[in-house]
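Asker: What follows is the file final_26.txt, containing compact mmCIF, C-alpha atoms and all ligand atoms:
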# COMPACT_ATOMS: atom_id res chain seq x y z
CA MET A 1 51.74 219.27 22.96
CA LEU A 2 48.36 218.27 24.36
CA LYS A 3 46.74 218.93 21.00
CA GLN A 4 49.35 216.78 19.29
CA THR A 5 48.77 213.96 21.75
CA VAL A 6 45.06 214.12 21.09
CA ILE A 7 45.58 214.06 17.33
CA ARG A 8 48.04 211.21 17.64
CA SER A 9 45.81 209.07 19.79
CA GLY A 10 42.91 209.85 17.45
CA LEU A 11 44.94 208.64 14.50
CA GLU A 12 46.02 205.54 16.44
CA ALA A 13 42.44 204.79 17.42
CA LEU A 14 41.26 205.07 13.83
CA TYR A 15 44.07 202.87 12.64
CA PHE A 16 43.71 200.14 15.20
CA SER A 17 39.95 200.08 14.99
CA GLY A 18 40.31 199.46 11.27
CA ALA A 19 37.69 202.17 10.86
CA HIS A 20 39.69 203.95 8.19
CA VAL A 21 39.53 200.91 5.95
CA ALA A 22 35.78 200.63 6.38
CA LEU A 23 35.32 204.35 5.80
CA ARG A 24 37.66 204.63 2.86
CA GLY A 25 35.13 203.77 0.19
CA MET A 26 32.80 206.41 1.48
CA LEU A 27 35.24 209.15 2.52
CA GLY A 28 38.44 208.49 0.63
CA GLY A 29 37.72 210.78 -2.27
CA ILE A 30 39.62 210.58 -5.52
CA GLY A 31 43.03 211.73 -4.33
CA ALA A 32 45.07 213.91 -2.02
CA ILE A 33 47.63 216.68 -2.22
CA LEU A 34 50.45 216.24 0.27
CA THR A 35 52.14 219.24 1.94
CA LEU A 36 55.83 219.10 2.76
CA HIS A 37 58.30 221.74 3.89
CA HIS A 38 61.77 220.57 4.96
CA VAL A 39 63.14 217.12 4.15
CA ARG A 40 66.37 216.51 6.03
CA PRO A 41 68.06 214.20 8.51
CA PRO A 42 66.64 214.74 12.00
CA ARG A 43 68.54 216.98 14.44
CA ARG A 44 69.02 216.03 18.06
CA ASP A 45 68.19 219.35 19.73
CA GLU A 46 65.46 219.07 22.31
CA PHE A 47 64.08 222.47 21.34
CA GLN A 48 62.66 222.15 17.82
CA PRO A 49 59.35 223.99 17.88
CA ASN A 50 59.14 224.01 14.07
CA ARG A 51 59.78 220.29 13.77
CA LEU A 52 56.30 219.66 12.43
CA LEU A 53 57.59 221.33 9.26
CA GLU A 54 60.23 218.68 8.54
CA ILE A 55 60.38 214.99 7.77
CA ALA A 56 63.34 212.65 7.34
CA PRO A 57 64.41 211.56 3.84
CA ALA A 58 63.81 207.90 4.69
CA PHE A 59 60.23 208.70 5.68
CA LEU A 60 59.64 210.45 2.35
CA GLU A 61 60.84 207.35 0.53
CA ASP A 62 58.65 205.08 2.69
CA VAL A 63 55.61 207.21 1.89
CA ILE A 64 56.30 207.09 -1.86
CA VAL A 65 56.70 203.31 -1.84
CA ARG A 66 53.65 202.78 0.35
CA LEU A 67 51.40 205.04 -1.73
CA ARG A 68 52.42 203.30 -4.97
CA ARG A 69 51.89 199.88 -3.39
CA SER A 70 48.47 201.00 -2.19
CA GLY A 71 47.53 201.79 -5.78
CA PHE A 72 47.94 205.56 -5.83
CA ASP A 73 49.02 207.30 -9.04
CA LEU A 74 51.62 209.90 -8.12
CA ILE A 75 50.91 212.78 -10.49
CA SER A 76 51.75 216.43 -11.22
CA LEU A 77 49.49 219.37 -10.43
CA ASP A 78 48.68 219.74 -14.15
CA ASP A 79 47.53 216.11 -14.28
CA MET A 80 45.51 216.65 -11.11
CA HIS A 81 43.92 219.73 -12.68
CA TRP A 82 43.05 217.68 -15.76
CA ARG A 83 41.47 214.92 -13.70
CA LEU A 84 39.46 217.38 -11.62
CA THR A 85 38.21 219.43 -14.59
CA LYS A 86 37.52 216.46 -16.87
CA ARG A 87 35.94 214.59 -13.96
CA ARG A 88 37.96 211.53 -14.93
CA GLU A 89 37.48 208.60 -12.62
CA GLY A 90 40.67 206.64 -12.40
CA ARG A 91 42.93 205.25 -9.76
CA ARG A 92 43.31 207.37 -6.65
CA PHE A 93 46.10 209.88 -6.94
CA ALA A 94 48.46 211.87 -4.76
CA CYS A 95 50.46 215.02 -5.55
CA PHE A 96 53.61 215.92 -3.66
CA THR A 97 53.93 219.66 -2.98
CA PHE A 98 56.70 221.50 -1.14
CA ASP A 99 56.19 224.99 0.27
CA ASP A 100 58.85 227.73 0.52
CA GLY A 101 61.69 226.32 -1.64
CA TYR A 102 64.07 225.04 1.00
CA ARG A 103 67.51 223.89 -0.13
CA ASP A 104 67.05 220.54 1.58
CA ASN A 105 64.35 219.81 -1.03
CA LEU A 106 67.10 219.85 -3.66
CA VAL A 107 69.71 218.07 -1.53
CA HIS A 108 67.62 215.42 0.24
CA ALA A 109 64.18 215.12 -1.40
CA TYR A 110 64.96 215.55 -5.09
CA PRO A 111 67.28 212.51 -5.42
CA ILE A 112 64.58 210.29 -3.89
CA LEU A 113 61.76 211.76 -5.99
CA LYS A 114 63.85 211.47 -9.15
CA ARG A 115 64.85 207.87 -8.44
CA HIS A 116 61.17 206.96 -8.04
CA ARG A 117 60.06 209.16 -10.96
CA VAL A 118 57.65 211.12 -8.76
CA PRO A 119 56.43 214.48 -10.11
CA PHE A 120 56.34 217.23 -7.51
CA ALA A 121 55.72 220.95 -7.12
CA ILE A 122 57.65 223.62 -5.24
CA TYR A 123 55.82 226.82 -4.27
CA VAL A 124 58.34 229.68 -4.09
CA PRO A 125 57.87 232.97 -2.20
CA THR A 126 60.09 235.10 -4.43
CA SER A 127 61.63 237.13 -1.60
CA PHE A 128 63.32 233.90 -0.39
CA PRO A 129 65.59 233.31 -3.43
CA ASP A 130 65.92 237.09 -3.64
CA ARG A 131 67.47 236.83 -0.16
CA LEU A 132 65.00 239.29 1.34
CA GLY A 133 62.87 236.62 2.97
CA ASP A 134 61.60 237.12 6.49
CA LEU A 135 61.32 233.63 7.98
CA TRP A 136 60.01 235.12 11.19
CA TRP A 137 59.04 231.79 12.82
CA LEU A 138 62.70 230.71 12.60
CA THR A 139 63.93 234.05 13.94
CA LEU A 140 61.65 233.55 16.94
CA GLU A 141 63.03 230.02 17.40
CA ALA A 142 66.63 231.31 17.21
CA VAL A 143 66.00 234.05 19.79
CA ILE A 144 64.43 231.63 22.28
CA ALA A 145 67.04 228.91 21.62
CA ALA A 146 69.92 231.27 22.43
CA ASN A 147 68.51 232.96 25.54
CA THR A 148 67.37 231.96 29.01
CA ARG A 149 65.07 234.97 29.34
CA VAL A 150 63.27 236.98 26.69
CA ARG A 151 61.62 240.35 27.18
CA LEU A 152 58.87 241.57 24.93
CA GLU A 153 56.22 244.25 24.96
CA MET A 154 52.87 242.55 24.55
CA ASP A 155 49.68 244.59 24.26
CA GLY A 156 51.41 247.63 25.82
CA LYS A 157 52.98 245.76 28.76
CA ASP A 158 56.50 244.44 29.25
CA ARG A 159 56.46 240.66 29.58
CA TYR A 160 59.31 238.37 30.53
CA PHE A 161 59.57 234.76 29.41
CA VAL A 162 61.89 232.43 31.29
CA CYS A 163 63.31 229.99 28.76
CA GLY A 164 66.16 228.10 30.41
CA THR A 165 65.02 224.52 29.92
CA PRO A 166 63.70 222.92 26.71
CA ALA A 167 60.22 222.74 28.30
CA GLU A 168 60.31 226.46 29.14
CA LYS A 169 61.55 227.23 25.64
CA HIS A 170 58.67 225.25 24.12
CA ALA A 171 56.18 227.04 26.35
CA ALA A 172 57.64 230.47 25.51
CA PHE A 173 57.65 229.68 21.80
CA ALA A 174 54.04 228.49 21.83
CA ALA A 175 52.87 231.55 23.78
CA LEU A 176 54.70 234.03 21.56
CA TYR A 177 54.02 232.25 18.28
CA TRP A 178 50.25 232.08 18.78
CA TRP A 179 50.08 235.62 20.18
CA LEU A 180 51.89 236.85 17.06
CA ARG A 181 49.67 234.79 14.75
CA GLY A 182 46.65 236.32 16.45
CA LEU A 183 47.71 239.91 15.75
CA GLU A 184 45.47 241.63 13.25
CA SER A 185 48.35 243.26 11.40
CA GLU A 186 51.15 241.24 9.89
CA ALA A 187 53.21 244.45 9.72
CA ASP A 188 53.10 244.51 13.55
CA LEU A 189 54.16 240.86 13.71
CA ARG A 190 57.14 241.51 11.42
CA ARG A 191 58.13 244.66 13.34
CA ILE A 192 58.03 242.89 16.71
CA ILE A 193 60.21 240.06 15.38
CA ARG A 194 62.68 242.52 13.81
CA ASP A 195 62.95 244.28 17.16
CA LEU A 196 63.48 240.97 19.03
CA ALA A 197 66.16 239.92 16.53
CA LEU A 198 67.96 243.23 16.92
CA ARG A 199 67.88 243.19 20.73
CA TYR A 200 69.01 239.55 21.00
CA GLY A 201 71.62 239.65 18.25
CA VAL A 202 69.98 237.29 15.76
CA ASP A 203 70.48 238.11 12.09
CA PRO A 204 67.22 237.19 10.32
CA ALA A 205 68.94 237.18 6.92
CA VAL A 206 71.03 234.17 7.91
CA SER A 207 68.22 231.62 7.95
CA CYS A 208 67.03 232.78 4.53
CA ALA A 209 70.47 232.43 2.93
CA ASP A 210 71.26 229.18 4.75
CA LEU A 211 67.97 227.41 4.22
CA CYS A 212 66.40 228.65 1.00
CA MET A 213 67.34 227.81 -2.55
CA SER A 214 68.91 230.47 -4.75
CA TRP A 215 67.47 231.19 -8.21
CA ALA A 216 70.28 229.10 -9.73
CA GLU A 217 69.30 226.12 -7.57
CA LEU A 218 65.64 226.59 -8.42
CA ALA A 219 66.56 226.75 -12.11
CA GLU A 220 68.29 223.38 -11.77
CA LEU A 221 65.06 221.86 -10.45
CA ALA A 222 62.83 223.75 -12.87
CA ALA A 223 64.71 222.20 -15.80
CA ASP A 224 63.44 218.74 -14.81
CA PRO A 225 60.05 217.87 -16.35
CA LEU A 226 59.14 216.18 -13.04
CA VAL A 227 59.12 219.59 -11.34
CA THR A 228 56.36 222.20 -11.30
CA ILE A 229 57.30 225.63 -9.96
CA GLY A 230 54.34 227.30 -8.29
CA ALA A 231 53.86 230.76 -6.79
CA HIS A 232 53.64 231.45 -3.04
CA THR A 233 53.48 235.30 -3.02
CA VAL A 234 56.50 237.61 -2.78
CA ASN A 235 56.71 238.23 0.98
CA HIS A 236 54.99 235.14 2.38
CA LEU A 237 52.14 237.16 3.85
CA MET A 238 49.00 235.87 5.51
CA LEU A 239 46.89 237.30 2.71
CA LYS A 240 43.60 237.48 4.57
CA LYS A 241 45.18 240.11 6.83
CA SER A 242 46.18 242.28 3.87
CA SER A 243 44.17 244.71 1.73
CA GLU A 244 42.75 243.46 -1.56
CA GLY A 245 45.27 245.57 -3.46
CA VAL A 246 48.17 243.95 -1.62
CA VAL A 247 46.74 240.47 -2.18
CA ARG A 248 46.52 241.02 -5.94
CA GLN A 249 49.97 242.57 -6.04
CA GLU A 250 51.56 239.75 -4.02
CA MET A 251 50.02 237.14 -6.33
CA GLN A 252 50.71 238.92 -9.63
CA MET A 253 54.19 240.09 -8.71
CA SER A 254 55.26 236.62 -7.61
CA VAL A 255 54.22 235.25 -11.01
CA ARG A 256 56.14 237.96 -12.85
CA VAL A 257 59.29 237.57 -10.77
CA ILE A 258 59.34 233.77 -11.20
CA GLU A 259 58.75 234.15 -14.94
CA ALA A 260 61.58 236.68 -15.22
CA ALA A 261 63.98 234.56 -13.16
CA LEU A 262 63.20 231.06 -14.48
CA GLY A 263 61.43 231.64 -17.79
CA ILE A 264 58.40 229.69 -16.57
CA ARG A 265 55.04 231.28 -15.83
CA PRO A 266 53.63 229.61 -12.71
CA GLU A 267 50.03 228.43 -13.05
CA HIS A 268 49.61 227.01 -9.56
CA PHE A 269 49.55 228.87 -6.26
CA SER A 270 49.85 228.12 -2.54
CA TYR A 271 48.48 230.52 0.09
CA PRO A 272 51.16 231.25 2.74
CA VAL A 273 50.29 229.63 6.08
CA GLY A 274 47.09 228.63 4.29
CA ASP A 275 44.73 228.07 7.22
CA PRO A 276 41.36 229.86 7.49
CA THR A 277 42.99 232.86 9.24
CA SER A 278 45.32 233.36 6.25
CA ALA A 279 43.20 232.56 3.18
CA GLY A 280 39.45 232.71 2.66
CA PRO A 281 36.82 233.23 -0.03
CA ARG A 282 38.22 236.64 -1.06
CA GLU A 283 41.66 235.12 -1.71
CA PHE A 284 40.14 232.10 -3.52
CA ALA A 285 38.23 234.47 -5.83
CA ILE A 286 41.28 236.65 -6.53
CA ALA A 287 43.43 233.60 -7.34
CA ARG A 288 40.71 232.44 -9.75
CA SER A 289 40.40 235.88 -11.37
CA LEU A 290 44.17 236.00 -11.91
CA GLY A 291 43.96 232.77 -13.87
CA PHE A 292 45.70 230.28 -11.60
CA LYS A 293 44.72 226.73 -12.61
CA THR A 294 44.79 225.60 -8.98
CA ALA A 295 45.55 227.05 -5.56
CA VAL A 296 46.11 225.09 -2.37
CA THR A 297 45.39 225.82 1.28
CA THR A 298 46.57 223.97 4.37
CA ARG A 299 43.00 223.12 5.36
CA PRO A 300 43.14 219.37 5.98
CA GLY A 301 41.26 217.15 3.59
CA VAL A 302 41.31 214.79 0.62
CA LEU A 303 39.94 215.65 -2.83
CA PHE A 304 36.49 214.86 -4.15
CA PRO A 305 35.09 215.36 -7.68
CA GLU A 306 33.28 218.46 -6.33
CA HIS A 307 36.67 220.17 -5.89
CA GLY A 308 36.59 220.62 -9.68
CA ASP A 309 34.30 223.58 -8.88
CA HIS A 310 36.67 224.92 -6.19
CA LEU A 311 40.06 224.67 -7.86
CA THR A 312 41.51 227.65 -5.98
CA ALA A 313 40.43 226.37 -2.54
CA LEU A 314 41.97 222.91 -2.46
CA PRO A 315 42.69 221.13 0.83
CA ARG A 316 45.92 219.25 1.52
CA ILE A 317 47.25 216.57 3.84
CA SER A 318 50.37 217.63 5.75
CA LEU A 319 53.22 215.16 6.12
CA ASN A 320 53.83 216.46 9.61
CA GLY A 321 57.21 215.83 11.21
CA GLU A 322 55.55 215.01 14.52
CA PHE A 323 53.74 212.07 12.93
CA GLN A 324 56.34 210.22 10.90
CA ARG A 325 54.65 206.86 10.91
CA LEU A 326 53.37 205.19 7.78
CA ARG A 327 50.19 204.17 9.49
CA TYR A 328 49.31 207.84 10.05
CA VAL A 329 49.74 208.54 6.33
CA GLU A 330 47.49 205.59 5.58
CA VAL A 331 44.80 206.91 7.87
CA LEU A 332 45.11 210.50 6.57
CA THR A 333 44.98 209.57 2.89
CA SER A 334 42.03 207.29 3.61
CA GLY A 335 40.09 210.49 4.29
CA ALA A 336 38.77 209.11 7.57
CA ALA A 337 40.67 211.43 9.90
CA THR A 338 40.07 214.58 7.89
CA ALA A 339 36.40 213.69 7.47
CA LEU A 340 36.12 213.62 11.25
CA TRP A 341 37.93 216.98 11.54
CA ASN A 342 35.72 218.49 8.86
CA GLY A 343 32.48 217.16 10.28
CA PHE A 344 32.05 214.98 7.17
CA LYS A 345 31.84 218.08 4.97
CA ARG A 346 33.61 217.28 1.70
CA VAL A 347 34.30 220.79 0.39
CA ASP A 348 35.33 223.65 2.68
CA ALA A 349 35.67 226.80 0.60
CA ALA A 350 33.98 229.25 2.98
ZN ZN A 401 55.04 228.87 3.13
Using the file provided, produce a representation of the structure as structure tokens.

Answerer:
Amino acid sequence: MLKQTVIRSGLEALYFSGAHVALRGMLGGIGAILTLHHVRPPRRDEFQPNRLLEIAPAFLEDVIVRLRRSGFDLISLDDMHWRLTKRREGRRFACFTFDDGYRDNLVHAYPILKRHRVPFAIYVPTSFPDRLGDLWWLTLEAVIAANTRVRLEMDGKDRYFVCGTPAEKHAAFAALYWWLRGLESEADLRRIIRDLALRYGVDPAVSCADLCMSWAELAELAADPLVTIGAHTVNHLMLKKSSEGVVRQEMQMSVRVIEAALGIRPEHFSYPVGDPTSAGPREFAIARSLGFKTAVTTRPGVLFPEHGDHLTALPRISLNGEFQRLRYVEVLTSGAATALWNGFKRVDAA
């Protein structure tokens, strides 16, 4: 929460100082790739620890209209790839990308994107439409939401988390989430969550079936020329924590499964989680060697012509559900905020 407040006031300060306008020419780059997850009407629950991963349909529409009015070309990943490789200077561009293939993308986002003729990409982890997906962050949310006390063995010791009030639930979620993310082995993370789910009576398969598109739904989207289907591994693993063999297999297998299911060979890839703890130079090199045209991270940043030499290490700008204000999007796509975060380094592929 504190971190969010700091980010928010930083964004506000940049906006109200007008600094982002002054900096845009210097820092704005040639375009930006936007990251989205869920698009759906807001829920009222006080405990929504994963809310940063969702925006409201009306906000999506506002962003589209605002970007077009501000002179952005809204283009597909193939067009972006063309501009980056041909080093074409044109109008600034933005690409809309959705991770994970949630059903609300079809129900709530697609009608808006179609009405405005906006190309977009969906990166699919193939275990999700195969109904074997382990959306462990949602399982953790469900366990904490339904209990007032949660017991867990952490680093060999039994720990108890009191989670009666929304504030306690948020604190418990943050503590457990970041402890789990810090584990060296993702197999351990998955095992701990499976054990929690079992002990607290949460069925992890439910969120996958409820929230993720089936192959038939994905096929409906894939048939529209506006839509690019990209790969996002099979099991949604933090690849940097896996062996090189597993990384290659996860990337190659996801391409084969999507091709078999939809008849389209994906040429674009998104690293699950996508921050520096989940994808690094080894993953960027493997994605390149497997022939992906582009691969995206969640490292924050706008695109510069130099990214033409780092096509499998592209930064993105997250449309974060905690910051659903148009002025934040303006500041982020101006490149000013991410330039500050990145210490004014334009390419971060290390
Ligand atoms: Zn994902």

Asker: Around ligand ZN 401 (chain A), which protein and nucleic acid residues have at least one atom no more than 10 Å from it, if we count all atoms listed in the file? List them as a list of chain:residue names.

Answerer: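 Protein and nucleic-acid residues within 10 Å of ligand ZN 401 (chain A): A:Leu36, A:His37, A:Phe98, A:Asp99, A:Asp100, A:Gly101, A:Tyr123, A:Val124, A:Pro125, A:Leu135, A:His232, A:Thr233, A:Asn235, A:His236, A:Leu237, A:Met238, A:Ser270, A:Tyr271, A:Pro272, A:Val273, A:Gly274, A:Thr298.
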
Asker: List as a ChimeraX atom specification the protein and nucleic acid residues near Ser278 (chain A), meaning an atom at most 7 Å away when all atoms listed in the file are counted, but skip any in the same chain fewer than 6 places from it.

Answerer: /A:238-241

Asker: Write the residues of the selection above to a file with C-alpha atoms, as a PDB file, in the frame of the given file.

Answerer:
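Okay, this is what ended up in again-v4.pdb:
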ATOM      1  CA  MET A 238      49.000 235.870   5.510  1.00  0.00           C
ATOM      2  CA  LEU A 239      46.890 237.300   2.710  1.00  0.00           C
ATOM      3  CA  LYS A 240      43.600 237.480   4.570  1.00  0.00           C
ATOM      4  CA  LYS A 241      45.180 240.110   6.830  1.00  0.00           C
TER       5      LYS A 241
END

Asker: Contacts of region 63-78 of chain A at 9 Å or less, counting all atoms listed in the file, minus same-chain residues fewer than 6 places along, as a tab-separated table (two decimals) with C-alpha atoms, in the frame of the given file?

Answerer:
chain	number	residue	atom	x	y	z
A	31	GLY	CA	43.03	211.73	-4.33
A	33	ILE	CA	47.63	216.68	-2.22
A	91	ARG	CA	42.93	205.25	-9.76
A	92	ARG	CA	43.31	207.37	-6.65
A	93	PHE	CA	46.10	209.88	-6.94
A	94	ALA	CA	48.46	211.87	-4.76
A	95	CYS	CA	50.46	215.02	-5.55
A	96	PHE	CA	53.61	215.92	-3.66
A	97	THR	CA	53.93	219.66	-2.98
A	113	LEU	CA	61.76	211.76	-5.99
A	116	HIS	CA	61.17	206.96	-8.04
A	117	ARG	CA	60.06	209.16	-10.96
A	118	VAL	CA	57.65	211.12	-8.76
A	119	PRO	CA	56.43	214.48	-10.11
A	120	PHE	CA	56.34	217.23	-7.51
A	121	ALA	CA	55.72	220.95	-7.12
A	226	LEU	CA	59.14	216.18	-13.04
A	227	VAL	CA	59.12	219.59	-11.34
A	228	THR	CA	56.36	222.20	-11.30
A	267	GLU	CA	50.03	228.43	-13.05
A	268	HIS	CA	49.61	227.01	-9.56
A	293	LYS	CA	44.72	226.73	-12.61
A	294	THR	CA	44.79	225.60	-8.98
A	326	LEU	CA	53.37	205.19	7.78
A	329	VAL	CA	49.74	208.54	6.33
A	330	GLU	CA	47.49	205.59	5.58

Asker: Determine the nearest neighbour of Ser207 (chain A) from the options A:Phe284, A:Tyr102, A:Tyr177, A:Tyr328, counting all atoms listed in the file.

Answerer: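 Of A:Phe284, A:Tyr102, A:Tyr177, A:Tyr328, the one nearest Ser207 (chain A), counting all atoms listed in the file, is A:Tyr102.
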
Asker: Neighbouring residues of region 260-265 of chain A were defined as those with any atom within 9 Å, considering only C-alpha atoms; residues of the same chain fewer than 4 positions away were excluded. Please report them as a list in words.

Answerer: Trp215, Ala216, Leu218, Ala219, Ala222, Ile229, Gly230, Val255 and Arg256 of chain A

Asker: Rounded to one decimal in Å, what is the spacing between CA of Ala197 (chain A) and CA of Ser243 (chain A)?

Answerer: 26.9 Å

Asker: How close does each residue of region 18-134 of chain A get to region 138-159 of chain A, giving the shortest atom pair and distance in Å to one decimal for every residue with an atom at most 9 Å away, counting all atoms listed in the file, sorted by chain and residue number, as a tab-separated table?

Answerer:
residue	atom	partner	partner_atom	distance
A:Phe47	CA	A:Ala145	CA	7.1
A:Gln48	CA	A:Glu141	CA	7.9
A:Pro49	CA	A:Glu141	CA	7.1
A:Asn50	CA	A:Leu138	CA	7.7
A:Asp134	CA	A:Thr139	CA	8.4

Asker: I want to know what sits within 10 Å of Ala349 (chain A), based on only C-alpha atoms, with residues of the same chain fewer than 5 positions away left out; could you give that as an mmCIF file with C-alpha atoms, in the coordinates of the input?

Answerer:
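Contents of the output file result_23.cif:
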data_model
loop_
_atom_site.group_PDB
_atom_site.id
_atom_site.type_symbol
_atom_site.label_atom_id
_atom_site.label_comp_id
_atom_site.auth_asym_id
_atom_site.auth_seq_id
_atom_site.Cartn_x
_atom_site.Cartn_y
_atom_site.Cartn_z
ATOM 1 C CA PRO A 276 41.360 229.860 7.490
ATOM 2 C CA ALA A 279 43.200 232.560 3.180
ATOM 3 C CA GLY A 280 39.450 232.710 2.660
ATOM 4 C CA PRO A 281 36.820 233.230 -0.030
ATOM 5 C CA PHE A 284 40.140 232.100 -3.520
ATOM 6 C CA THR A 297 45.390 225.820 1.280
ATOM 7 C CA ARG A 299 43.000 223.120 5.360
ATOM 8 C CA HIS A 307 36.670 220.170 -5.890
ATOM 9 C CA HIS A 310 36.670 224.920 -6.190
ATOM 10 C CA LEU A 311 40.060 224.670 -7.860
ATOM 11 C CA THR A 312 41.510 227.650 -5.980
ATOM 12 C CA ALA A 313 40.430 226.370 -2.540
ATOM 13 C CA LEU A 314 41.970 222.910 -2.460
ATOM 14 C CA PRO A 315 42.690 221.130 0.830
#

Asker: Return the single residue from A:Asn105, A:Glu283, A:Glu186, A:Thr126 that is closest to Ser254 (chain A), with distances computed using only C-alpha atoms.

Answerer: A:Thr126

Asker: Report, in Å to a single decimal, how far apart CA of Asp62 (chain A) and CA of Arg327 (chain A) are.

Answerer: 10.9 Å
